[in-house]
>>> print(open('upload29.cif').read())   # mmCIF, C-alpha atoms
data_input
loop_
_atom_site.label_atom_id
_atom_site.label_comp_id
_atom_site.auth_asym_id
_atom_site.auth_seq_id
_atom_site.Cartn_x
_atom_site.Cartn_y
_atom_site.Cartn_z
CA PHE A 21 46.22 24.70 19.56
CA TYR A 22 47.63 22.24 22.11
CA PRO A 23 47.40 19.30 21.86
CA GLY A 24 46.32 19.44 18.20
CA THR A 25 43.05 21.15 17.33
CA THR A 26 41.90 24.08 15.22
CA ASP A 27 39.15 24.85 17.73
CA PRO A 28 40.18 27.12 20.66
CA GLN A 29 37.38 25.67 22.80
CA MET A 30 38.93 22.20 22.46
CA ALA A 31 42.40 23.40 23.43
CA LYS A 32 43.87 22.28 26.77
CA ALA A 33 45.15 24.84 29.24
CA ILE A 34 48.75 24.61 30.44
CA GLU A 35 49.51 25.86 33.94
CA VAL A 36 53.06 27.01 34.55
CA GLN A 37 54.09 27.35 38.19
CA PRO A 38 57.00 29.59 39.26
CA GLY A 39 60.31 27.83 38.66
CA ALA A 40 58.67 24.82 37.01
CA VAL A 41 59.88 23.13 33.85
CA ILE A 42 57.12 21.48 31.82
CA LYS A 43 58.07 18.99 29.14
CA GLY A 44 56.19 17.05 26.52
CA ILE A 45 53.90 19.90 25.41
CA ASP A 46 53.93 18.72 21.81
CA VAL A 47 51.43 20.12 19.34
CA ASP A 48 50.10 17.78 16.65
CA ALA A 49 49.93 19.90 13.49
CA SER A 50 49.56 17.09 11.01
CA ALA A 51 47.08 17.34 8.14
CA VAL A 52 43.45 16.47 8.87
CA ARG A 53 41.16 14.52 6.60
CA THR A 54 38.44 16.59 4.95
CA SER A 55 34.94 15.31 4.26
CA ARG A 56 32.45 15.61 1.43
CA VAL A 57 29.17 17.31 2.34
CA ARG A 58 26.00 16.89 0.29
CA GLY A 59 22.57 18.31 0.87
CA ARG A 60 19.44 19.88 -0.54
CA VAL A 61 17.88 23.33 -0.41
CA LEU A 62 14.08 23.46 -0.24
CA GLY A 63 11.78 26.31 -1.19
CA ILE A 64 13.90 27.99 -3.87
CA PRO A 65 11.82 30.85 -5.35
CA ALA A 66 11.26 31.41 -9.06
CA GLN A 67 12.52 34.58 -10.72
CA GLY A 68 11.89 35.44 -14.36
CA GLY A 69 10.36 32.06 -15.09
CA GLN A 70 13.21 30.04 -13.60
CA LEU A 71 14.58 29.16 -10.16
CA ALA A 72 16.61 31.91 -8.54
CA ARG A 73 20.37 31.47 -8.28
CA THR A 74 21.06 29.94 -4.86
CA THR A 75 24.35 29.67 -3.00
CA VAL A 76 25.41 27.86 0.18
CA GLU A 77 28.13 28.91 2.63
CA ALA A 78 29.37 27.16 5.78
CA ARG A 79 31.09 28.97 8.68
CA PRO A 80 32.57 27.45 11.84
CA LEU A 81 30.39 27.88 14.92
CA THR A 82 33.46 28.27 17.12
CA THR A 83 35.96 31.10 16.90
CA VAL A 84 39.01 30.24 14.84
CA PHE A 85 41.75 32.77 14.28
CA ASN A 86 43.11 31.49 10.97
CA ILE A 87 40.30 30.17 8.78
CA THR A 88 41.37 27.92 5.94
CA PRO A 89 39.38 27.39 2.71
CA ALA A 90 38.34 23.97 4.05
CA GLN A 91 36.76 25.75 7.05
CA LEU A 92 34.83 28.20 4.85
CA PRO A 93 33.37 26.03 2.07
CA THR A 94 30.83 27.37 -0.43
CA ALA A 95 28.74 25.85 -3.21
CA VAL A 96 26.27 26.83 -5.92
CA VAL A 97 22.99 24.95 -5.68
CA ALA A 98 21.97 22.88 -8.71
CA PRO A 99 18.55 23.39 -10.40
CA ASP A 100 17.18 20.36 -8.55
CA GLY A 101 18.12 21.94 -5.19
CA THR A 102 21.13 19.74 -4.44
CA PHE A 103 24.57 21.00 -3.48
CA GLU A 104 27.96 19.52 -2.72
CA MET A 105 31.03 20.80 -0.84
CA PRO A 106 33.88 18.35 -1.46
CA TYR A 107 36.54 19.52 1.02
CA VAL A 108 35.23 20.37 4.50
CA ALA A 109 37.45 20.27 7.58
CA PRO A 110 36.16 18.63 10.79
CA GLY A 111 34.12 20.91 13.01
CA ARG A 112 30.68 22.33 13.74
CA TYR A 113 29.24 24.74 11.19
CA VAL A 114 26.25 26.91 10.48
CA VAL A 115 25.30 26.44 6.83
CA THR A 116 23.49 29.37 5.22
CA ALA A 117 21.66 29.22 1.89
CA ARG A 118 20.60 32.38 0.05
CA ALA A 119 18.47 32.80 -3.05
CA GLY A 120 17.30 35.80 -5.04
CA SER A 121 19.74 38.34 -3.59
CA ASP A 122 21.56 40.84 -5.75
CA ALA A 123 23.46 44.07 -5.19
CA ARG A 124 20.50 46.25 -6.25
CA ASN A 125 17.96 44.60 -3.96
CA PRO A 126 19.68 42.91 -0.99
CA GLY A 127 16.55 42.88 1.15
CA SER A 128 14.43 40.73 -1.16
CA ASP A 129 16.31 37.48 -0.81
CA PHE A 130 15.22 34.20 0.70
CA ILE A 131 17.45 32.71 3.37
CA GLY A 132 17.74 29.52 5.45
CA ARG A 133 20.18 28.08 7.99
CA ALA A 134 21.11 24.70 9.40
CA VAL A 135 23.73 23.51 11.90
CA MET A 136 26.05 20.79 10.63
CA ASP A 137 28.59 18.55 12.39
CA VAL A 138 31.48 17.20 10.34
CA TYR A 139 33.62 14.46 11.89
CA SER A 140 35.71 11.81 10.15
CA SER A 141 33.16 10.71 7.56
CA ASP A 142 31.18 12.27 4.73
CA VAL A 143 27.87 14.03 5.42
CA ALA A 144 24.98 13.42 3.04
CA ASN A 145 21.79 14.65 4.70
CA VAL A 146 22.01 18.44 5.15
CA VAL A 147 18.58 19.97 4.45
CA ILE A 148 18.04 23.75 4.40
CA SER A 149 14.58 25.29 4.01
CA LEU A 150 14.43 28.78 2.54
CA SER A 151 11.92 31.38 3.68
CA ALA A 152 11.35 35.06 2.98
CA ARG A 153 12.84 37.55 5.39
CA MET A 154 10.48 39.02 7.97
CA THR A 155 9.75 42.25 9.79
CA LEU A 156 9.12 42.75 13.50
CA SER A 157 7.50 45.70 15.21
CA GLY A 158 6.72 46.57 18.79
CA ARG A 159 6.55 49.15 21.54
CA VAL A 160 8.57 49.91 24.67
CA VAL A 161 6.58 51.06 27.71
CA ILE A 162 8.13 52.54 30.87
CA GLU A 163 6.04 51.91 33.97
CA GLY A 164 4.99 54.91 36.04
CA ALA A 165 7.40 57.38 34.45
CA ALA A 166 6.49 61.01 33.76
CA PRO A 167 6.22 61.72 30.01
CA ALA A 168 9.36 63.87 29.86
CA ALA A 169 11.45 61.32 31.78
CA ALA A 170 10.07 58.48 29.68
CA GLU A 171 11.01 60.27 26.45
CA ARG A 172 14.60 60.81 27.64
CA ALA A 173 14.94 57.17 28.63
CA LEU A 174 13.32 55.75 25.48
CA SER A 175 15.61 57.76 23.23
CA SER A 176 18.62 56.09 24.96
CA LEU A 177 17.46 52.51 24.25
CA ARG A 178 17.98 50.14 21.34
CA VAL A 179 16.11 46.90 20.71
CA ALA A 180 18.14 44.14 19.07
CA LEU A 181 17.87 40.49 18.03
CA ARG A 182 20.68 38.03 18.73
CA THR A 183 20.67 34.56 17.23
CA ASP A 184 20.32 31.78 19.80
CA PRO A 185 22.68 30.01 19.76
CA LEU A 186 24.96 32.80 18.59
CA LEU A 187 25.81 32.22 14.92
CA PRO A 188 28.86 33.75 13.23
CA ASN A 189 28.47 36.43 10.58
CA THR A 190 24.87 37.24 11.55
CA THR A 191 23.36 40.75 11.59
CA ASN A 192 22.40 42.23 14.96
CA ASN A 193 19.23 43.94 13.64
CA GLY A 194 19.44 46.61 16.36
CA VAL A 195 17.13 49.64 16.02
CA VAL A 196 16.60 52.86 17.96
CA VAL A 197 13.42 53.22 20.01
CA ASN A 198 11.32 56.27 19.13
CA VAL A 199 10.69 58.80 21.89
CA ASP A 200 7.06 57.67 22.20
CA GLY A 201 8.00 53.96 22.38
CA PRO A 202 7.46 52.24 19.00
CA PHE A 203 10.20 50.52 16.98
CA ALA A 204 10.42 48.39 13.84
CA MET A 205 12.94 45.88 12.47
CA PRO A 206 14.25 46.66 9.96
CA ASP A 207 13.88 50.37 10.61
CA PRO A 208 11.92 51.96 7.73
CA ALA A 209 13.38 55.37 8.58
CA VAL A 210 16.82 54.74 7.07
CA GLY A 211 16.15 56.74 3.93
CA THR A 212 16.93 55.13 0.59
CA GLN A 213 19.19 52.47 2.12
CA ILE A 214 17.78 48.95 1.77
CA VAL A 215 18.09 46.99 5.02
CA PRO A 216 17.62 43.19 4.85
CA GLY A 217 14.73 41.75 6.82
CA ILE A 218 15.00 39.11 9.54
CA PRO A 219 15.74 35.49 8.56
CA ALA A 220 13.72 32.67 10.11
CA GLY A 221 15.33 31.25 13.23
CA ASP A 222 15.62 31.44 17.02
CA TYR A 223 16.52 34.73 18.68
CA ARG A 224 16.95 36.50 21.99
CA ILE A 225 15.52 39.97 22.51
CA LEU A 226 18.04 42.47 23.86
CA VAL A 227 17.35 46.00 25.08
CA THR A 228 20.66 47.82 25.25
CA PRO A 229 22.18 49.06 27.44
CA LEU A 230 19.75 47.60 30.03
CA LEU A 231 19.91 44.01 28.75
CA GLU A 232 23.07 43.33 26.77
CA PRO A 233 24.80 40.25 25.34
CA PRO A 234 27.72 38.76 27.28
CA THR A 235 30.94 40.77 27.18
CA PRO A 236 33.62 38.34 28.41
CA ASP A 237 36.38 40.97 28.36
CA GLU A 238 34.55 43.39 30.70
CA VAL A 239 37.12 44.22 33.40
CA ILE A 240 35.33 47.12 35.12
CA PRO A 241 31.65 46.83 36.10
CA PRO A 242 29.69 48.87 33.53
CA THR A 243 27.68 51.89 34.63
CA LEU A 244 24.48 53.14 33.06
CA PRO A 245 23.77 56.80 32.23
CA PRO A 246 21.78 58.56 35.00
CA VAL A 247 18.55 58.53 32.97
CA LEU A 248 18.61 54.70 32.90
CA GLN A 249 20.08 53.78 36.29
CA ASN A 250 16.77 52.87 37.98
CA LEU A 251 15.36 50.99 34.98
CA TYR A 252 15.33 47.33 34.02
CA VAL A 253 13.64 45.08 31.47
CA LYS A 254 10.60 43.68 33.30
CA SER A 255 8.91 41.70 30.54
CA VAL A 256 9.05 41.03 26.81
CA ARG A 257 6.04 39.43 25.13
CA LEU A 258 5.03 38.59 21.59
CA GLY A 259 1.28 38.43 21.91
CA ASP A 260 0.78 36.08 24.88
CA VAL A 261 4.22 34.43 24.64
CA ASP A 262 7.03 35.31 27.09
CA VAL A 263 10.21 35.92 25.08
CA LEU A 264 12.31 37.50 27.83
CA ASN A 265 13.29 34.22 29.49
CA ASP A 266 12.81 32.09 26.40
CA ARG A 267 13.66 32.17 22.72
CA LEU A 268 11.77 34.15 20.13
CA ARG A 269 11.12 31.56 17.42
CA LEU A 270 10.45 33.15 14.03
CA GLN A 271 9.22 30.61 11.47
CA GLY A 272 6.93 32.96 9.54
CA GLN A 273 5.89 36.59 9.53
CA PRO A 274 4.56 37.21 13.10
CA ARG A 275 0.98 38.46 13.38
CA ASP A 276 1.55 40.00 16.81
CA SER A 277 3.89 42.80 17.86
CA LEU A 278 6.40 42.86 20.69
CA THR A 279 5.59 44.59 23.96
CA ILE A 280 8.60 45.45 26.12
CA VAL A 281 7.85 46.72 29.62
CA ILE A 282 10.58 48.63 31.45
CA GLY A 283 10.30 48.47 35.25
CA THR A 284 11.17 51.37 37.53
CA ARG A 285 11.39 49.66 40.94
CA PRO A 286 14.59 47.59 40.91
CA GLY A 287 15.92 45.75 43.91
CA SER A 288 19.46 45.66 45.27
CA LEU A 289 21.85 43.28 46.99
CA GLU A 290 24.41 43.86 49.71
CA GLY A 291 26.52 41.60 51.89
CA ARG A 292 29.99 40.46 52.84
CA VAL A 293 32.50 38.05 51.37
CA ILE A 294 34.15 35.74 53.89
CA ASP A 295 36.91 33.19 53.49
CA ASP A 296 37.13 29.65 54.83
CA ARG A 297 38.28 31.04 58.21
CA GLN A 298 35.15 33.22 58.47
CA GLN A 299 37.26 36.35 57.92
CA PRO A 300 36.23 39.20 55.58
CA SER A 301 37.85 39.00 52.17
CA GLN A 302 38.99 42.11 50.32
CA GLY A 303 39.10 42.39 46.52
CA ALA A 304 36.96 39.34 45.76
CA THR A 305 35.02 39.32 42.49
CA VAL A 306 31.32 39.11 43.35
CA VAL A 307 29.02 38.02 40.51
CA LEU A 308 25.22 37.82 40.46
CA ILE A 309 24.21 35.31 37.78
CA HIS A 310 20.69 34.82 36.41
CA ASP A 311 19.04 31.57 37.48
CA ASN A 312 16.64 31.41 34.52
CA GLY A 313 16.66 31.37 30.73
CA LEU A 314 18.80 34.53 30.57
CA ARG A 315 21.85 32.75 31.96
CA TYR A 316 24.80 32.69 29.50
CA ARG A 317 22.80 34.90 27.13
CA VAL A 318 23.08 38.35 28.73
CA ASN A 319 25.64 40.31 30.66
CA GLU A 320 25.79 39.66 34.41
CA ARG A 321 26.21 42.17 37.24
CA PHE A 322 29.47 42.02 39.16
CA THR A 323 31.46 44.08 41.64
CA PHE A 324 34.38 43.78 44.10
CA SER A 325 34.47 43.52 47.89
CA ASP A 326 36.02 46.38 49.88
CA THR A 327 38.57 46.26 52.72
CA ALA A 328 35.89 45.01 55.13
CA GLY A 329 34.65 42.37 52.67
CA ARG A 330 31.47 44.33 51.96
CA PHE A 331 29.87 44.58 48.54
CA GLU A 332 26.77 46.17 47.06
CA ILE A 333 25.04 45.66 43.70
CA PRO A 334 22.36 48.33 43.16
CA ASN A 335 19.52 48.53 40.64
CA VAL A 336 19.06 44.79 40.10
CA ALA A 337 16.15 43.53 38.00
CA PRO A 338 13.81 41.49 40.27
CA GLY A 339 14.16 37.74 39.79
CA SER A 340 16.08 34.61 40.77
CA TYR A 341 19.88 34.61 40.81
CA ILE A 342 22.88 32.66 42.05
CA LEU A 343 25.57 34.59 43.93
CA PHE A 344 29.27 33.72 43.57
CA ALA A 345 32.48 35.24 44.93
CA TRP A 346 35.95 34.36 43.64
CA GLU A 347 39.33 35.24 45.05
CA SER A 348 40.54 35.44 41.45
CA ILE A 349 38.78 34.78 38.14
CA THR A 350 39.22 35.92 34.56
CA PRO A 351 36.60 38.61 33.77
CA GLY A 352 33.62 37.07 32.03
CA ALA A 353 34.71 33.48 32.71
CA TRP A 354 31.36 32.95 34.47
CA GLN A 355 29.79 32.95 30.99
CA ASP A 356 31.46 29.59 30.24
CA PRO A 357 29.07 26.71 31.07
CA GLU A 358 31.91 24.17 31.15
CA LEU A 359 33.84 26.18 33.72
CA MET A 360 30.77 26.86 35.85
CA ARG A 361 29.95 23.17 36.28
CA SER A 362 32.77 22.88 38.79
CA PHE A 363 31.46 25.85 40.81
CA GLU A 364 27.71 25.24 40.90
CA SER A 365 27.72 23.88 44.45
CA ARG A 366 29.53 26.99 45.69
CA GLY A 367 26.86 29.46 44.62
CA ILE A 368 24.09 30.82 46.86
CA PRO A 369 20.51 31.20 45.54
CA VAL A 370 19.21 34.76 45.88
CA ARG A 371 15.75 36.17 45.22
CA ILE A 372 15.60 39.88 44.41
CA GLU A 373 12.19 41.43 45.01
CA GLU A 374 10.83 44.56 43.40
CA GLY A 375 11.86 47.69 45.31
CA ALA A 376 13.54 45.68 48.11
CA LYS A 377 17.11 45.26 49.34
CA ALA A 378 18.41 41.74 49.92
CA SER A 379 21.32 40.99 52.23
CA MET A 380 23.50 37.92 51.80
CA ASN A 381 26.94 36.76 52.90
CA VAL A 382 28.87 34.57 50.49
CA ARG A 383 31.92 32.38 50.99
CA MET A 384 34.80 33.13 48.69
CA ILE A 385 35.99 30.49 46.23
CA GLU A 386 39.73 30.44 46.80
CA LYS A 387 42.41 29.74 44.24
CA ASN A 388 43.61 26.14 44.20
#
>>> encode(input="upload29.cif", output="structure tokens")
Amino acid sequence: FYPGTTDPQMAKAIEVQPGAVIKGIDVDASAVRTSRVRGRVLGIPAQGGQLARTTVEARPLTTVFNITPAQLPTAVVAPDGTFEMPYVAPGRYVVTARAGSDARNPGSDFIGRAVMDVYSSDVANVVISLSARMTLSGRVVIEGAAPAAAERALSSLRVALRTDPLLPNTTNNGVVVNVDGPFAMPDPAVGTQIVPGIPAGDYRILVTPLLEPPTPDEVIPPTLPPVLQNLYVKSVRLGDVDVLNDRLRLQGQPRDSLTIVIGTRPGSLEGRVIDDRQQPSQGATVVLIHDNGLRYRVNERFTFSDTAGRFEIPNVAPGSYILFAWESITPGAWQDPELMRSFESRGIPVRIEEGAKASMNVRMIEKN
């Protein structure tokens, strides 16, 4: 990628104006120096009187389209727990160690992860701690809904875990909610199929399709099925800990279960988009972005202004938001923290109350 990187996020954009001729866009594709990575795996279990076979794999944290062997290094861990990967390309990686897994019993393995930065020098201090996979159970409760309506809604929901930060090649662990509310991860009702448990780590709780991960390529505002249109995720707790607006940190088998409360009294937002001349703006992209721990971790509500500059976003989960309106923006670009730094001062704070309609005018961010 221009000017000379294997990481798309480090690439520089090139703007081409009509009739313009741009010169000097040279791409440096010369070879890069690889590094030697050494480390140690802790907590390797014993099997049959000896330590279980343990392997280590590193994957780039950023999206690369053509992965080379130096960007996907692997190693077998020595009996003393040490490992070495001699040829690792520069970049940021998640390193995963696995022990005790085999084709007949994939759910019994031990697993551990660590994030590793490789620059221009060797790395000698990567430490990965293994732990047994875990299970997680809980219940979804819909406030004030009649039993029949609650059953229809619950059967349309899935509860999922998403690594935070998002790690490549990780399992979603999504499960269907039973009609009376309980769920379990992994789901024991999959017959004879063995489903791996949950590795230790940090996660976000998702309840799809009410609370979904970011979808940057979403061009048309998504619509929910009628049975879910007035519902939203009100709270998620593990015991007394709020894990809706914060991470779920799993370091050992949890003693408590999850309780997910689905609210039935959403708010809404309406208003107008105006330009710098105080005139209504048609076709602006209006985005309501969470102003809490959910920002950049879930999908955001958006719509478009009509011929009179009006917009409406119905069925909004109560909470704090920031409202933006762009004359033109790539769908999902508001999920990029780097891009949003330049727009923060142009957003308007909005508080959506339960069962109430908020009204707010917003000035359009025009194209430069």
>>> resolve_selection(input="upload29.cif", expression="the PyMOL selection byres ((chain A and resi 254-267) around 7)", output="ChimeraX atom specification")
/A:222-225,252-253,268-269,276-283,312-314
>>> closest_residue(input="upload29.cif", among="A:Val247, A:Ala144, A:Val135, A:Leu231", to="Leu181 in chain A", atoms="all atoms listed in the file")
A:Leu231
>>> resolve_selection(input="upload29.cif", expression="the PyMOL selection byres ((chain A and resi 235) around 12)", output="list in words")
Leu231, Glu232, Pro233, Pro234, Pro236, Asp237, Glu238, Val239, Ile240, Pro241, Pro242, Tyr316, Arg317, Val318, Asn319, Glu320, Arg321, Pro351, Gly352, Ala353, Trp354, Gln355 and Asp356 of chain A
>>> closest_atom_pairs(input="upload29.cif", of="range 209-316 of chain A", to="range 360-382 of chain A", cutoff="8 Å", atoms="all atoms listed in the file", output="CSV")
residue,atom,partner,partner_atom,distance
A:Arg285,CA,A:Gly375,CA,4.8
A:Pro286,CA,A:Gly375,CA,5.2
A:Gly287,CA,A:Gly375,CA,4.7
A:Ser288,CA,A:Lys377,CA,4.7
A:Leu289,CA,A:Ala378,CA,4.8
A:Glu290,CA,A:Ser379,CA,4.9
A:Gly291,CA,A:Met380,CA,4.8
A:Arg292,CA,A:Asn381,CA,4.8
A:Val293,CA,A:Val382,CA,5.1
A:Ile294,CA,A:Val382,CA,6.4
>>> axis_aligned_box(input="upload29.cif", around="range 377-381 of chain A", padding_each_side="4 Å", output="lines of an AutoDock Vina configuration file")
center_x = 22.0
center_y = 41.0
center_z = 51.1
size_x = 17.8
size_y = 16.5
size_z = 11.6
>>> resolve_selection(input="upload29.cif", expression="the PyMOL selection byres ((chain A and resi 117) around 6)", output="VMD selection string")
chain A and resid 75 to 76 116 118 131 to 132
>>> atom_distance(input="upload29.cif", atom1="CA of Arg73 in chain A", atom2="CA of Thr190 in chain A")
21.1 Å
>>> atom_distance(input="upload29.cif", atom1="CA of Leu343 in chain A", atom2="CA of His310 in chain A")
9.0 Å
>>> atom_distance(input="upload29.cif", atom1="CA of Met154 in chain A", atom2="CA of Gly194 in chain A")
14.4 Å
>>> closest_residue(input="upload29.cif", among="A:Thr155, A:Gln37, A:Thr54, A:Thr88", to="Gln271 in chain A", atoms="only C-alpha atoms")
A:Thr155
>>> residues_near_point(input="upload29.cif", point="(36.1, 34.3, 51.6)", cutoff="12 Å", atoms="all atoms listed in the file", output="ChimeraX atom specification")
/A:292-306,325,328-330,344-348,366,381-387
>>> write_last_selection(input="upload29.cif", atoms="C-alpha atoms", output="tab-separated table (two decimals), in the coordinates of the input")
chain	number	residue	atom	x	y	z
A	292	ARG	CA	29.99	40.46	52.84
A	293	VAL	CA	32.50	38.05	51.37
A	294	ILE	CA	34.15	35.74	53.89
A	295	ASP	CA	36.91	33.19	53.49
A	296	ASP	CA	37.13	29.65	54.83
A	297	ARG	CA	38.28	31.04	58.21
A	298	GLN	CA	35.15	33.22	58.47
A	299	GLN	CA	37.26	36.35	57.92
A	300	PRO	CA	36.23	39.20	55.58
A	301	SER	CA	37.85	39.00	52.17
A	302	GLN	CA	38.99	42.11	50.32
A	303	GLY	CA	39.10	42.39	46.52
A	304	ALA	CA	36.96	39.34	45.76
A	305	THR	CA	35.02	39.32	42.49
A	306	VAL	CA	31.32	39.11	43.35
A	325	SER	CA	34.47	43.52	47.89
A	328	ALA	CA	35.89	45.01	55.13
A	329	GLY	CA	34.65	42.37	52.67
A	330	ARG	CA	31.47	44.33	51.96
A	344	PHE	CA	29.27	33.72	43.57
A	345	ALA	CA	32.48	35.24	44.93
A	346	TRP	CA	35.95	34.36	43.64
A	347	GLU	CA	39.33	35.24	45.05
A	348	SER	CA	40.54	35.44	41.45
A	366	ARG	CA	29.53	26.99	45.69
A	381	ASN	CA	26.94	36.76	52.90
A	382	VAL	CA	28.87	34.57	50.49
A	383	ARG	CA	31.92	32.38	50.99
A	384	MET	CA	34.80	33.13	48.69
A	385	ILE	CA	35.99	30.49	46.23
A	386	GLU	CA	39.73	30.44	46.80
A	387	LYS	CA	42.41	29.74	44.24
>>> closest_residue(input="upload29.cif", among="A:Ala166, A:Ala204, A:Ala90, A:Met136", to="Met105 in chain A", atoms="only C-alpha atoms")
A:Ala90
>>> residues_around(input="upload29.cif", residues="Asp200 in chain A", least_positions_apart="5", cutoff="10 Å", atoms="all atoms listed in the file", output="list in words")
Arg159, Val160, Val161, Pro167, Ala170, Glu171, Arg172, Leu174 and Ser175 of chain A
>>> closest_residue(input="upload29.cif", among="A:Thr323, A:Ser157, A:Thr228, A:Thr74", to="Phe130 in chain A", atoms="all atoms listed in the file")
A:Thr74
>>> closest_residue(input="upload29.cif", among="A:Val36, A:Leu251, A:Val307, A:Leu187", to="Ala169 in chain A", atoms="all atoms listed in the file")
A:Leu251
>>> residues_around(input="upload29.cif", residues="Tyr107 in chain A", least_positions_apart="2", cutoff="9 Å", atoms="only C-alpha atoms", output="list in words")
Arg53, Thr54, Ser55, Arg56, Val57, Pro89, Ala90, Gln91, Pro93, Met105 and Ala109 of chain A
>>> closest_residue(input="upload29.cif", among="A:Pro245, A:Pro23, A:Gly59, A:Pro219", to="Asp46 in chain A", atoms="all atoms listed in the file")
A:Pro23
>>> build_atoms(input="upload29.cif", residues="range 220-226 of chain A", atoms="all heavy atoms", output="mmCIF file, in the frame of the given file")
data_model
loop_
_atom_site.group_PDB
_atom_site.id
_atom_site.type_symbol
_atom_site.label_atom_id
_atom_site.label_comp_id
_atom_site.auth_asym_id
_atom_site.auth_seq_id
_atom_site.Cartn_x
_atom_site.Cartn_y
_atom_site.Cartn_z
ATOM 1 N N ALA A 220 14.350 33.599 9.166
ATOM 2 C CA ALA A 220 13.720 32.670 10.110
ATOM 3 C C ALA A 220 14.776 32.094 11.038
ATOM 4 O O ALA A 220 15.929 31.905 10.659
ATOM 5 C CB ALA A 220 13.005 31.560 9.351
ATOM 6 N N GLY A 221 14.391 31.822 12.278
ATOM 7 C CA GLY A 221 15.330 31.250 13.230
ATOM 8 C C GLY A 221 14.944 31.558 14.660
ATOM 9 O O GLY A 221 13.872 32.113 14.940
ATOM 10 N N ASP A 222 15.828 31.196 15.590
ATOM 11 C CA ASP A 222 15.620 31.440 17.020
ATOM 12 C C ASP A 222 16.462 32.631 17.453
ATOM 13 O O ASP A 222 17.645 32.736 17.082
ATOM 14 C CB ASP A 222 16.009 30.206 17.832
ATOM 15 C CG ASP A 222 15.059 29.042 17.601
ATOM 16 O OD1 ASP A 222 13.945 29.279 17.094
ATOM 17 O OD2 ASP A 222 15.434 27.890 17.916
ATOM 18 N N TYR A 223 15.872 33.495 18.278
ATOM 19 C CA TYR A 223 16.520 34.730 18.680
ATOM 20 C C TYR A 223 16.306 35.007 20.157
ATOM 21 O O TYR A 223 15.409 34.448 20.791
ATOM 22 C CB TYR A 223 15.977 35.917 17.865
ATOM 23 C CG TYR A 223 16.266 35.832 16.385
ATOM 24 C CD1 TYR A 223 15.376 35.198 15.524
ATOM 25 C CD2 TYR A 223 17.422 36.392 15.851
ATOM 26 C CE1 TYR A 223 15.628 35.122 14.163
ATOM 27 C CE2 TYR A 223 17.679 36.320 14.489
ATOM 28 C CZ TYR A 223 16.779 35.680 13.651
ATOM 29 O OH TYR A 223 17.035 35.605 12.311
ATOM 30 N N ARG A 224 17.143 35.893 20.676
ATOM 31 C CA ARG A 224 16.950 36.500 21.990
ATOM 32 C C ARG A 224 16.731 37.993 21.794
ATOM 33 O O ARG A 224 17.395 38.626 20.965
ATOM 34 C CB ARG A 224 18.172 36.271 22.881
ATOM 35 C CG ARG A 224 18.326 34.840 23.330
ATOM 36 C CD ARG A 224 17.394 34.519 24.473
ATOM 37 N NE ARG A 224 17.376 33.090 24.748
ATOM 38 C CZ ARG A 224 16.826 32.547 25.821
ATOM 39 N NH1 ARG A 224 16.250 33.314 26.717
ATOM 40 N NH2 ARG A 224 16.823 31.257 26.008
ATOM 41 N N ILE A 225 15.787 38.542 22.557
ATOM 42 C CA ILE A 225 15.520 39.970 22.510
ATOM 43 C C ILE A 225 16.447 40.671 23.494
ATOM 44 O O ILE A 225 16.510 40.316 24.672
ATOM 45 C CB ILE A 225 14.057 40.275 22.885
ATOM 46 C CG1 ILE A 225 13.101 39.526 21.950
ATOM 47 C CG2 ILE A 225 13.796 41.769 22.828
ATOM 48 C CD1 ILE A 225 13.127 39.997 20.528
ATOM 49 N N LEU A 226 17.166 41.669 23.021
ATOM 50 C CA LEU A 226 18.040 42.470 23.860
ATOM 51 C C LEU A 226 17.557 43.912 23.845
ATOM 52 O O LEU A 226 17.047 44.400 22.824
ATOM 53 C CB LEU A 226 19.484 42.406 23.360
ATOM 54 C CG LEU A 226 20.105 41.002 23.308
ATOM 55 C CD1 LEU A 226 21.462 41.048 22.637
ATOM 56 C CD2 LEU A 226 20.213 40.415 24.706
#
